[in-house]
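In what follows, a single structure is set out as structure tokens and then discussed.
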Amino acid sequence: MNKKKGILTLIAFIVILAGLGYVSVFGVGENKSGSASRVKQGLDLAGGVSITYQVVGEEEPSSADMSDTIYKLQKRVENYSTEAQVYQEGSDRINIEIPGVSDANAVLEELGKPGSLSFQDSAGNVVLEGTDVSDAQAGYQTNSLGNQEPVVQLTLTENGKIKFAEATKKAAPTRDIIYIIYDGSVVSAPAVQSEITDGSAVITGMGSFEEAETLASTIRIGGLKLQLEELRSNVVGAQLGSEAINRSLTAGAIGMAIVMVFMIAVYWIPGVASSLALCMYVVLMILLLNGFEITLTLPGIAGIILSIGMAVDANVIIFARIREEIATGKTVKSSIKIGFQKALSAILDGNITTLIAAAVLGFMGSGTIKGFAQTLALGIVISMFTALVVTRLILNAFYAVGLQSEKLFGRARDRKPVNFLSRKAVFFTISIVLIVAGFVFMGVNKGRTGQILNYSLEFMGGTSTNVSFNENLSIEDIDANVVPMIEKITGDGNVQTQKVQGSNEVIFKTRTLNVDEREELNKVMEENFGVDKEKITAETISSTISGEMRREAVIAVVIATVCMLIYIWFRFKDIRFGASAVAALIHDVLVVLAFYAAVRVSVGSTFIACMLTIVGYSINATIVIFDRIRENIGLEGKSDLSGLVNKSITQTLTRSIFTSLTTFIMVAVLYILGVSSIREFALPLMVGIICGTYSSVCITGALWFVLRTKIKGKTKGAAVKAKSR
């Protein structure tokens with residue numbers, strides 16, 4: 001790149017950044033498309049629609065039927081948003097909360113009226129129940145004339161597959177009709193053309209695609225074990241309030257500014273390049289959140305914070321490599337080229353392992369887990385692009401315009417390797433003590449409260465109290481004046497609030513309140529706010545994170561961990577690298593869990609996001625050290641394995657500290673400026689960052705060394721791999 005091209009490159013970049021930045025702030029057109037204000041937000045940030053259904057019938061439904069119905073509804077409303085919540089209210093009610101929606105009637109119309117569904121033959125015999133249908137979707141297929149016609153595609157359960165095969169076998173010879181009956185009315189009457197044995201069927205004869213969508217929706221909603229009727233529907237406000245959102249945004253801006261100043265102060269010209277690339281990262285993140293219509297919630301913000309840390313991490317790895325090359329006597333130009341080449345494997349391996357976890361969680365998880373996975377995956381892809389493409393482009397342009405002095409880039413200093421392995425027994429002991437202490441605290445908590453952790457209402461359920469105030473209080477007034485009084489009664493800082501739009505009604509969700517606490521809450525509302533006691537109602541609600549969702553989360557994390565282990569084994573040609581990485585990952589989770597148990601931090605929906613963030617952060621930090629060990633084995637052989645491991649950890653020590661520091665800064669500012677619910681998320685995350693750094697530097701290398709010397713195996717592949725670069 002010559003000087004003229006370098007100038008043009010920088011001008012073009014600034015123009016593109018300014019243009020995209022304008023769109024991300026102000027948007028395009030009357031709807032402000034692409035702007036940050038148009039990003040879909042979850043219930044905690046923006047509110048949405050709340051719908052309450054009641055079970056039809058005199059008998060109280062069983063807990064199994066309620067659980068099954070809640071789970072199926074959860075899967076259906078995720079079509080609107082991955083952050084939608086479905087939970088039980090009282091003994092026979094189900095509440096659905098869908099973020100980012102303001103028209104309850106439209107949702108009700110599209111979701112359909114939950115009722116009884118059956119498939120009957122011409123004699124009136126029920127051949128199929130609604131619960132025998134696992135899915136129904138509208139689509140198109142080519143008819144005999146070669147035209148596209150709208151259809152409904154049915155997928156049956158295994159039990160339904162057997163029933164339908166038998167029914168269609170009888171009906172096929174005479175092309176008999178099978179009636180689809182919903183709440184006593186025929187909604188479709190398709191003729192059977194042939195015997196259907198594979199559990200998949202297509203209903204034709206639709207007048208339009210809209211008609212096909214309506215029928216598909218009716219079949220889906222009718223496949224519930226219980227018949228439901230709408231009790232009420234409301235538009236509710238954000239749970240966190242505008243102050244919490246503004247504080248989070250301010251914290252993010254301040255944190256980024258501090259990180260950018262830090263990068264420039266430490267890395268000079270490369271730091272300027274990384275700061276500009278980080279600005280591009282933020283702009284692209286906003287635009288793509290809009291483009292992919294991802295719902296952003298507090299756990300989603302966790303994914304973005306992690307990916308920002310990984311974006312900075314990639315730059316730190318690259319810049320450290322450049323300085324190392326300059327120290328060997330190479331020119332700045334050659335050092336930039338070689339630095340990016342040598343950093344590539346660590347960046348790719350670290351990001352791909354985290355991306356694998358995000359992909360598994362996205363496909364298998366639900367609710368907040370899926371939302372977290374989406375934002376994390378998007379952030380990883382953008383961070384890799386900005387680090388490997390944008391930073392490189394800007395750095396080469398700076399060099400081309402004349403910023404070529406070695407002093408502007410820095411030179412790596414020769415550091416005497418720190419003998420980390422000599423202290424491995426101490427490190428292992430510290431880790432074991434912390435983990436064991438965590439289990440001790442859990443046991444103590446179990447004895448005192450009956451629960452090993454301080455589970456919030458998302459996990460344990462609680463009480464939903466509806467209060468109709470005499471005036472229209474803002475969410476900020478409620479947070480400042482009402483919530484502290486409720487927290488005093490409950491002794492718990494986890495109080496969720498929602499305003500019902502168009503009324504003075506406010507919904508307070510707390511841990512389960514006993515009779516005395518409910519009476520005290522009513523008294524506080526009467527005496528302090530003049531609320532009529534008759535306008536206060538309370539219902540017991542189930543957890544918003546169902547047992548099925550928890551099982552899905554655990555299974556997803558296990559599968560993600562196995563996939564990461566396999567990937568690391570494949571890339572490093574030695575399963576001991578993978579085993580050490582996974583062991584460190586488990587170590588970090590257990591230590592942070594110990595912190596939750598000891599400090600009694602509330603365990604809610606952000607707990608899952610926090611743990612997943614730590615998993616992603618831990619594995620990425622470990623990969624960088626393992627990549628350097630692999631490289632040094634290829635360069636120096638395996639004669640002095642102990643010295644090689646110590647050297648590798650020392651060489652990457654600056655990266656480990658700087659990356660942890662920049663990510664810690666982002667979260668610390670969030671903790672300092674955030675409201676109580678955000679602090680409960682940020683505090684354990686800070687502990688996780690510190691723990692992840694400790695395990696990467698002090699545990700993983702030592703653990704790999706122990707496995708390598710105790711369990712003999714081939715590492716030839718790793719050596720050849722390193723030499724080939």
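A note on labels: chains of the structure tokens are A, B, ... as shown, every chain counts residues from 1, and ligands are counted from 1 in their shown order.
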(message) Need the shell around A:Ala560: protein/DNA/RNA residues with any atom at most 10 Å away, counting only C-alpha atoms. Skip same-chain ones fewer than 6 positions apart. Format as a ChimeraX atom specification?
(response) /A:353-361,364,554,566
Give me a file of those residues, with all heavy atoms, as an mmCIF file, in the first residue's frame.
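Saved the output as selection.cif:
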data_model
loop_
_atom_site.group_PDB
_atom_site.id
_atom_site.type_symbol
_atom_site.label_atom_id
_atom_site.label_comp_id
_atom_site.auth_asym_id
_atom_site.auth_seq_id
_atom_site.Cartn_x
_atom_site.Cartn_y
_atom_site.Cartn_z
ATOM 1 N N THR A 353 -14.112 -21.914 19.319
ATOM 2 C CA THR A 353 -14.592 -22.713 20.448
ATOM 3 C C THR A 353 -15.770 -22.027 21.136
ATOM 4 O O THR A 353 -16.760 -22.673 21.490
ATOM 5 C CB THR A 353 -13.470 -22.951 21.481
ATOM 6 O OG1 THR A 353 -12.809 -21.708 21.752
ATOM 7 C CG2 THR A 353 -12.466 -23.950 20.979
ATOM 8 N N THR A 354 -15.676 -20.714 21.303
ATOM 9 C CA THR A 354 -16.787 -19.975 21.909
ATOM 10 C C THR A 354 -17.991 -19.955 20.981
ATOM 11 O O THR A 354 -19.139 -20.052 21.419
ATOM 12 C CB THR A 354 -16.359 -18.536 22.242
ATOM 13 O OG1 THR A 354 -15.121 -18.554 22.941
ATOM 14 C CG2 THR A 354 -17.401 -17.848 23.118
ATOM 15 N N LEU A 355 -17.725 -19.864 19.679
ATOM 16 C CA LEU A 355 -18.813 -19.855 18.694
ATOM 17 C C LEU A 355 -19.534 -21.210 18.674
ATOM 18 O O LEU A 355 -20.755 -21.265 18.486
ATOM 19 C CB LEU A 355 -18.250 -19.540 17.302
ATOM 20 C CG LEU A 355 -19.245 -19.102 16.221
ATOM 21 C CD1 LEU A 355 -20.003 -17.860 16.653
ATOM 22 C CD2 LEU A 355 -18.518 -18.839 14.908
ATOM 23 N N ILE A 356 -18.790 -22.280 18.872
ATOM 24 C CA ILE A 356 -19.406 -23.619 18.952
ATOM 25 C C ILE A 356 -20.391 -23.660 20.116
ATOM 26 O O ILE A 356 -21.521 -24.132 19.987
ATOM 27 C CB ILE A 356 -18.322 -24.703 19.110
ATOM 28 C CG1 ILE A 356 -17.553 -24.891 17.797
ATOM 29 C CG2 ILE A 356 -18.939 -26.030 19.553
ATOM 30 C CD1 ILE A 356 -16.329 -25.782 17.936
ATOM 31 N N ALA A 357 -19.942 -23.147 21.261
ATOM 32 C CA ALA A 357 -20.819 -23.122 22.432
ATOM 33 C C ALA A 357 -22.062 -22.285 22.160
ATOM 34 O O ALA A 357 -23.183 -22.686 22.496
ATOM 35 C CB ALA A 357 -20.061 -22.560 23.638
ATOM 36 N N ALA A 358 -21.879 -21.129 21.531
ATOM 37 C CA ALA A 358 -23.014 -20.255 21.225
ATOM 38 C C ALA A 358 -23.987 -20.930 20.270
ATOM 39 O O ALA A 358 -25.214 -20.821 20.428
ATOM 40 C CB ALA A 358 -22.515 -18.943 20.629
ATOM 41 N N ALA A 359 -23.451 -21.655 19.277
ATOM 42 C CA ALA A 359 -24.304 -22.330 18.299
ATOM 43 C C ALA A 359 -25.144 -23.422 18.959
ATOM 44 O O ALA A 359 -26.353 -23.531 18.716
ATOM 45 C CB ALA A 359 -23.451 -22.924 17.174
ATOM 46 N N VAL A 360 -24.509 -24.236 19.812
ATOM 47 C CA VAL A 360 -25.240 -25.307 20.501
ATOM 48 C C VAL A 360 -26.314 -24.724 21.408
ATOM 49 O O VAL A 360 -27.457 -25.184 21.426
ATOM 50 C CB VAL A 360 -24.266 -26.186 21.322
ATOM 51 C CG1 VAL A 360 -25.040 -27.187 22.167
ATOM 52 C CG2 VAL A 360 -23.305 -26.913 20.400
ATOM 53 N N LEU A 361 -25.957 -23.680 22.154
ATOM 54 C CA LEU A 361 -26.925 -23.050 23.056
ATOM 55 C C LEU A 361 -28.065 -22.403 22.277
ATOM 56 O O LEU A 361 -29.211 -22.399 22.718
ATOM 57 C CB LEU A 361 -26.221 -21.997 23.921
ATOM 58 C CG LEU A 361 -25.184 -22.536 24.910
ATOM 59 C CD1 LEU A 361 -24.368 -21.405 25.498
ATOM 60 C CD2 LEU A 361 -25.847 -23.333 26.010
ATOM 61 N N MET A 364 -30.306 -25.430 20.933
ATOM 62 C CA MET A 364 -30.941 -26.287 21.928
ATOM 63 C C MET A 364 -31.585 -25.535 23.079
ATOM 64 O O MET A 364 -32.486 -26.057 23.737
ATOM 65 C CB MET A 364 -29.906 -27.264 22.494
ATOM 66 C CG MET A 364 -29.317 -28.201 21.465
ATOM 67 S SD MET A 364 -28.381 -29.509 22.241
ATOM 68 C CE MET A 364 -29.638 -30.324 23.223
ATOM 69 N N VAL A 554 -28.923 -27.359 30.784
ATOM 70 C CA VAL A 554 -27.866 -28.274 31.244
ATOM 71 C C VAL A 554 -27.383 -29.156 30.101
ATOM 72 O O VAL A 554 -26.171 -29.310 29.878
ATOM 73 C CB VAL A 554 -28.371 -29.141 32.417
ATOM 74 C CG1 VAL A 554 -27.346 -30.219 32.755
ATOM 75 C CG2 VAL A 554 -28.658 -28.281 33.637
ATOM 76 N N ILE A 566 -13.863 -31.810 21.647
ATOM 77 C CA ILE A 566 -13.546 -32.480 20.379
ATOM 78 C C ILE A 566 -12.793 -31.537 19.447
ATOM 79 O O ILE A 566 -11.812 -31.927 18.794
ATOM 80 C CB ILE A 566 -14.830 -32.996 19.704
ATOM 81 C CG1 ILE A 566 -15.443 -34.133 20.539
ATOM 82 C CG2 ILE A 566 -14.544 -33.481 18.283
ATOM 83 C CD1 ILE A 566 -16.815 -34.558 20.078
#
(message) Please identify the strand (DSSP E or B) residues within stretch 267-473 of chain A (assignment by DSSP from backbone atoms) and present them as a ChimeraX atom specification.
(response) /A:296,455,462-468
Just want the 10 Å neighbourhood of A:Val272, counted on only C-alpha atoms, with same-chain residues fewer than 2 positions away dropped. Output as a compact mmCIF listing (two decimals) with N, CA, C and O atoms, in the first residue's frame.
# COMPACT_ATOMS: atom_id res chain seq x y z
N MET A 260 -10.47 2.30 25.26
CA MET A 260 -9.80 2.91 24.11
C MET A 260 -8.59 3.72 24.55
O MET A 260 -7.51 3.65 23.94
N VAL A 261 -8.74 4.49 25.63
CA VAL A 261 -7.62 5.27 26.16
C VAL A 261 -6.50 4.32 26.61
O VAL A 261 -5.31 4.57 26.35
N MET A 263 -5.86 1.25 25.51
CA MET A 263 -5.21 0.64 24.34
C MET A 263 -4.25 1.60 23.66
O MET A 263 -3.15 1.22 23.24
N ILE A 264 -4.65 2.87 23.55
CA ILE A 264 -3.78 3.87 22.92
C ILE A 264 -2.55 4.13 23.78
O ILE A 264 -1.42 4.24 23.28
N ALA A 265 -2.75 4.21 25.11
CA ALA A 265 -1.64 4.49 26.02
C ALA A 265 -0.62 3.35 26.03
O ALA A 265 0.59 3.59 26.14
N TYR A 267 -0.40 0.71 23.53
CA TYR A 267 0.05 0.23 22.22
C TYR A 267 0.25 1.33 21.19
O TYR A 267 0.60 1.03 20.05
N TRP A 268 0.00 2.59 21.53
CA TRP A 268 0.26 3.73 20.67
C TRP A 268 -0.47 3.64 19.33
O TRP A 268 -1.69 3.56 19.32
N ILE A 269 0.21 3.64 18.23
CA ILE A 269 -0.44 3.63 16.92
C ILE A 269 -1.34 2.40 16.73
O ILE A 269 -2.49 2.53 16.29
N PRO A 270 -0.89 1.19 17.05
CA PRO A 270 -1.81 0.05 16.97
C PRO A 270 -3.04 0.23 17.87
O PRO A 270 -4.14 -0.20 17.53
N SER A 274 -6.94 -0.07 16.84
CA SER A 274 -7.91 -0.95 17.51
C SER A 274 -9.10 -0.15 18.04
O SER A 274 -10.23 -0.65 18.05
N SER A 275 -8.88 1.09 18.46
CA SER A 275 -9.98 1.93 18.95
C SER A 275 -10.95 2.27 17.83
O SER A 275 -12.17 2.24 18.02
N LEU A 276 -10.40 2.57 16.65
CA LEU A 276 -11.26 2.84 15.49
C LEU A 276 -12.03 1.58 15.09
O LEU A 276 -13.21 1.64 14.75
N ALA A 277 -11.35 0.44 15.15
CA ALA A 277 -12.01 -0.83 14.82
C ALA A 277 -13.11 -1.15 15.84
O ALA A 277 -14.16 -1.69 15.48
N LEU A 278 -12.88 -0.78 17.11
CA LEU A 278 -13.87 -1.01 18.15
C LEU A 278 -15.12 -0.15 17.91
O LEU A 278 -16.25 -0.59 18.15
N THR A 391 -8.83 -3.73 11.70
CA THR A 391 -7.60 -3.29 12.38
C THR A 391 -6.39 -3.40 11.45
O THR A 391 -5.55 -2.49 11.39
N ILE A 394 -6.47 -0.58 8.78
CA ILE A 394 -6.11 0.74 9.33
C ILE A 394 -4.63 0.79 9.66
O ILE A 394 -3.95 1.80 9.39
N LEU A 395 -4.09 -0.29 10.23
CA LEU A 395 -2.68 -0.32 10.61
C LEU A 395 -1.78 -0.20 9.38
O LEU A 395 -0.79 0.55 9.40
N PHE A 398 -1.96 3.41 8.18
CA PHE A 398 -1.13 4.28 9.00
C PHE A 398 0.34 4.17 8.60
O PHE A 398 1.06 5.18 8.50
(request) Would you kindly return, as a PyMOL selection string, each protein, DNA or RNA residue with an atom no farther than 10 Å from any atom of stretch 122-137 of chain A, considering only C-alpha atoms and excluding same-chain residues fewer than 4 positions away? (result) chain A and resi 72+76+115-118+151-168+171+176-182+189+199-202+212-226
(message) I'd like the neighbourhood of A:Ala702 as a PyMOL selection string, where a residue qualifies if any of its atoms comes within 8 Å (using only C-alpha atoms), though same-chain residues fewer than 5 positions away should be ignored.
(response) chain A and resi 420-421+424+645
Okay, now the selection with C-alpha atoms, as a tab-separated table (two decimals), in the first residue's frame?
chain	number	residue	atom	x	y	z
A	420	PHE	CA	4.65	-21.11	37.39
A	421	LEU	CA	4.94	-24.90	37.46
A	424	LYS	CA	1.39	-25.78	40.82
A	645	VAL	CA	5.34	-24.34	29.58
(request) Select from stretch 74-315 of chain A everything DSSP, run on the backbone, classes as alpha helix (DSSP H), then give the selection as a count of residues only. (result) 107
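Proximity of A:Val624, A:Ala251, A:Leu434, A:Leu473 to A:Asp313, computed with only C-alpha atoms, is greatest for A:Val624.
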(message) Report as a ChimeraX atom specification all protein, DNA and RNA residues lying within 9 Å of A:Glu324, evaluated on only C-alpha atoms, omitting residues in the same chain fewer than 3 positions from it.
(response) /A:319-321,327-328,335,339,411-413
(request) Would you list the contacts of A:Ala621 as a PyMOL selection string, taking every protein, DNA or RNA residue within 12 Å and counting only C-alpha atoms, but skipping same-chain residues closer than 6 positions in sequence? (result) chain A and resi 306+309-310+313-314+316-317+346-347+349-351+353-354+581+584-585+588+614-615+627-628+649+652-660+663+689-701
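Minimum distance to A:Glu631 across A:Val591, A:Leu288, A:Ser345, A:Arg323 (counting only C-alpha atoms) occurs at A:Ser345.
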